[in-house]
Structure formats: C-alpha cells, structure tokens
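Engineer: Supplied in structure tokens, the structure appears directly below.
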Amino acid sequence: MTDVIFIDLDGTLVDHRGAVFAAIDRIGREAPGATAAPEELAAAWWALEARHMREYLGGGCSFAEHHRRRAAAFLPLLGAPAPADPARLDAWIAECYLPAFEEAWRCYPDVRPGLEALNRLPRPPRLAVLTNGDPAQQRAKLARFGLLEHFEAVLTPTELGSAKPAAYAAACRALRTVPARAANVGDMLSSDVAAAAAAGLTGVWLDRGIDFVTGGPSPAPDASPGPGGGGAVLRIEELTALAELTAPGGPLSRPPL
C-alpha cells in the first residue's frame with residue numbers, strides 16, 4: 001500500500017500561473033512606457049521565468065540571481081533601462097514584482113477539503129510537498145493558506161540536492177520509504193506523473209483542465225502517458241478524489257506488486 005504521498009505545489013495546490021499573469025498584468029498597466037499590451041508582457045515574463053528557472057534548477061545561478069536575470073531582460077519591455085547594479089534589480093523584484101505576485105496567490109478551492117478527507121481515512125497516508133520552487137517562498141504560500149500543518153515535510157531542491165524529476169529517489173529517502181510505497185500527485189503529466197512512474201512511484205495526474213506551461217487545454221485523458229509512456233494513469237479532476245484512491249480497496253491501498 002502507499003504510505004507516503006508527495007504533492008506538487010504550483011499548479012496543484014496554488015494557482016501559480018494565474019498569480020504570475022495577474023501580477024504582470026497589473027505591473028504592465030501601471031507602466032506608462034510599456035512597449036506591449038499587458039497580456040503580451042505577461043507572456044514574455046512567463047517565458048523568461050521558464051528560461052531562468054531552468055538555469056537555477058540546473059545549478060547555473062542562485063534563486064536571487066535567476067530573479068535578477070528575469071528583471072534585467074524584462075524591464076526594457078516596460079520602457080525602463082535595466083540597471084547594471086544587482087541591488088537595483090533586487091529592489092525592483094522586492095518592491096514591484098513580489099508584492100503584486102504575492103497578493104495574487106490563490107489556493108484552489110478543493111485543496112483544503114481534499115487534505116482533510118485524506119486525514120479522515122482509517123489509515124491516513126503521510127503527506128509531503130515536493131516542489132521545485134524556492135523553500136522560503138513555497139513555505140510562505142502554504143502558511144498563507146493554513147496548509148503547512150497537513151504536511152510532514154516541504155521538500156525542495158535545496159533540501160534534496162536535485163530537482164524533479166531526479167528528486168524522486170531522494171524524496172523517498174528523506175521520508176524513509178521506498179518508491180513502490182509512494183505516490184506523487186501533480187498537474188504536469190511529464191514531470192509529475194510519467195517521471196514519477198519511471199522512478200518507481202505511482203503517478204497521479206490532477207487534471208485542472210489547463211496546461212501549466214502553455215495555458216491551453218490539458219491533454220485528453222486517453223492521450224496521457226502512463227509508466228513508460230502510452231499506458232493508463234490515475235487521473236483525478238479535484239484533490240478531494242485523492243481520498244477515494246487511498247481509501248481501503250482503492251488503487252493506492254493495494255500492496256505493491
């Protein structure tokens with residue numbers, strides 16, 4: 001049976017994409033020299049986030065430096081020159097971007113009921129957040145919505161020494177379990193489901209109806225990759241359904257093969 005369930009954060013518990021786009025929309029509308037419409041600015045920032053986040057996760061820069069690189073590339077789109085002084089880039093992030101971003105954080109409405117349903121099971125699984133985000137920022141999100149108490153650990157590349165998908169084995173060791181007795185729940189089919197299955201965990205796709213990267217519709221269920229690609233996956237549309245998978249007789253309650 002599954003004794004540990006890892007749960008992704010951004011796009012799974014908290015609407016990260018929505019917060020980013022809302023923050024940049026607000027910043028763009030308040031910038032008199034902006035060179036593009038707010039929706040175009042948001043798309044540009046999203047692309048920069050993906051690029052520089054990969055650099056951070058690959059060890060190419062610190063979390064603060066990845067923010068600086070994003071700001072330096074983005075500020076000219078607002079009609080402002082990018083300062084050479086890193087402290088001024090840090091100031092823009094701290095004083096302009098982060099307040100708008102943090103104000104736009106939203107927890108999905110099914111999250112708290114879903115976690116509470118898991119806790120009511122006869123044998124509740126141990127829960128941990130497994131995220132590629134910055135540890136301080138991710139804990140702040142969970143604290144904002146009163147979710148920290150539900151999790152035994154919040155695991156990030158800082159604690160584990162690697163990011164998903166390489167982090168699955170390290171996460172299992174950190175929670176003193178083995179992949180065959182662990183599941184990973186997330187909104188991204190590639191890194192949260194297929195990669196978890198390839199590492200020996202059970203992947204559970206929380207299909208929120210939107211592709212986290214593109215913003216378009218999520219893939220059709222019959223096109224989703226299972227372990228090794230092409231097979232069926234465990235798919236839910238709300239976190240409240242996770243308790244049904246974990247309850248006695250559910251697929252996550254069965255002994256590993």
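Residue numbering restarts at 1 in every chain; chains get A, B, ... in the order shown in the structure tokens, and ligands count up from 1 in that same order.
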If you count only C-alpha atoms, which residues fall within 12 Å of Phe145 of chain A, apart from same-chain ones fewer than 5 positions away, as a list in words?
Structural biologist: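 Those residues are Leu13, Val14, Trp105, Arg106, Cys107, Tyr108, Pro109, Val111, Arg112, Gln138, Arg139, Ala140 and His150 of chain A.
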Engineer: Would you return as number ranges by chain the members of segment 4-249 of chain A that DSSP assigns to strand (DSSP E) on this structure's backbone?
Structural biologist: A: 4-7, 126-130, 153-155, 182-186, 202-206, 234-236
Engineer: What lies within 9 Å of segment 57-59 of chain A using only C-alpha atoms, ignoring chain neighbours under 4 positions off, as a list in words?
Structural biologist: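 Using only C-alpha atoms, the neighbours found are His52, Met53, Phe63, Asn132, Gly133, Pro157, Ser162 and Ala163 of chain A.
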Engineer: Any chance you can output those residues with N, CA and C atoms as a compact mmCIF listing (two decimals), in the first residue's frame?
Structural biologist:
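What follows is the written file out00.txt:
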```
# COMPACT_ATOMS: atom_id res chain seq x y z
N HIS A 52 14.93 31.12 -16.99
CA HIS A 52 15.86 31.35 -15.89
C HIS A 52 15.62 30.41 -14.71
N MET A 53 14.41 29.88 -14.59
CA MET A 53 14.17 28.85 -13.57
C MET A 53 14.94 27.59 -13.92
N PHE A 63 18.81 31.45 -6.60
CA PHE A 63 17.42 31.85 -6.79
C PHE A 63 17.33 33.37 -6.97
N ASN A 132 9.73 22.13 -6.98
CA ASN A 132 10.98 22.67 -7.49
C ASN A 132 11.19 24.13 -7.12
N GLY A 133 10.29 24.71 -6.34
CA GLY A 133 10.37 26.12 -6.01
C GLY A 133 11.35 26.44 -4.90
N PRO A 157 14.57 21.50 -4.06
CA PRO A 157 15.95 21.18 -4.47
C PRO A 157 16.98 21.57 -3.41
N SER A 162 18.60 18.10 -5.61
CA SER A 162 18.22 17.93 -7.01
C SER A 162 16.76 18.31 -7.18
N ALA A 163 16.40 18.60 -8.42
CA ALA A 163 15.02 18.97 -8.74
C ALA A 163 14.30 17.79 -9.37
```
Engineer: I need the residue nearest Ile236 of chain A from this list: A:Asp110, A:Ala91, A:Ala169, A:Phe151. Use only C-alpha atoms for the distance.
Structural biologist: A:Asp110
Engineer: Which one of A:Ser62, A:Thr177, A:Thr156, A:Thr214 sits closest to Arg126 of chain A if you count only C-alpha atoms?
Structural biologist: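 Answer, going by the shortest atom-to-atom distance: A:Thr177.
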Engineer: For Ala182 of chain A, please output as a list in words all residues within 10 Å (counting only C-alpha atoms; exclusion window: fewer than 3 positions along the same chain).
Structural biologist: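 Residues meeting the cut-off are Met1, Thr2, Asp3, Val4, Ile5, Phe6, Pro125, Arg126, Leu127, Tyr168, Ala171, Cys172, Leu175, Thr177, Val178, Pro179, Ala196, Gly200, Leu201, Thr202, Gly203, Leu252 and Pro256 of chain A.
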Engineer: Could you check which of A:Ala167, A:Arg176, A:Val213, A:Val20 is closest to Leu189 of chain A, using only C-alpha atoms?
Structural biologist: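 Nearest to Leu189 of chain A: A:Val213.
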Engineer: Rank A:Ala44, A:Leu98, A:Val154, A:Ala243 by their smallest atom-to-atom distance to Glu116 of chain A, using only C-alpha atoms, and report the top residue only.
Structural biologist: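 Between A:Ala44, A:Leu98, A:Val154, A:Ala243, the residue approaching Glu116 of chain A most closely is A:Ala243.
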Engineer: Could you name the residues that touch Arg68 of chain A at 7 Å or less, counting only C-alpha atoms, but leaving out those on the same chain fewer than 3 positions away, as number ranges by chain?
Structural biologist: A: 64-65, 71-72, 86, 89-90
Engineer: If we count only C-alpha atoms and set the cut-off at 6 Å, which residues sit around Ala42 of chain A, ignoring sequence neighbours fewer than 3 positions away in its own chain? Please answer as a count of residues only.
Structural biologist: 4
Engineer: In Å, rounded to a single decimal, give me how far atom CA of Ala94 of chain A is from atom CA of Thr35 of chain A.
Structural biologist: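 For atom CA of Thr35 of chain A relative to atom CA of Ala94 of chain A, the distance reads 22.5 Å.
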Engineer: Skip Glu102 of chain A itself and residues of its chain fewer than 6 positions away, then list as number ranges by chain all residues within 10 Å of it, counting only C-alpha atoms.
Structural biologist: A: 16, 19-20, 23, 137, 140-141, 144
Engineer: I need the residues of segment 82-136 of chain A that end up classed as alpha helix (DSSP H) by DSSP on the backbone, written out as JSON, numbers by chain.
Structural biologist: {"A": [86, 87, 88, 89, 90, 91, 92, 98, 99, 100, 101, 102, 103, 111, 112, 113, 114, 115, 116, 117, 118, 119, 135, 136]}
Engineer: Which of these, A:Pro113, A:Pro81, A:Gly186, A:Gly18, has the shortest distance to Val129 of chain A once you count only C-alpha atoms?
Structural biologist: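 Among the listed residues, the smallest separation from Val129 of chain A belongs to A:Gly186.
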Engineer: Measuring atom to atom with only C-alpha atoms, identify which of A:Glu30, A:Glu103, A:Asp211, A:Asp187 is nearest to Glu237 of chain A.
Structural biologist: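 Smallest distance to Glu237 of chain A is found for A:Asp187.
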Engineer: Can you work out the spacing between atom CA of Phe74 of chain A and atom CA of Arg29 of chain A in Å, to one decimal?
Structural biologist: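 Straight-line distance from atom CA of Phe74 of chain A to atom CA of Arg29 of chain A works out to 14.6 Å.
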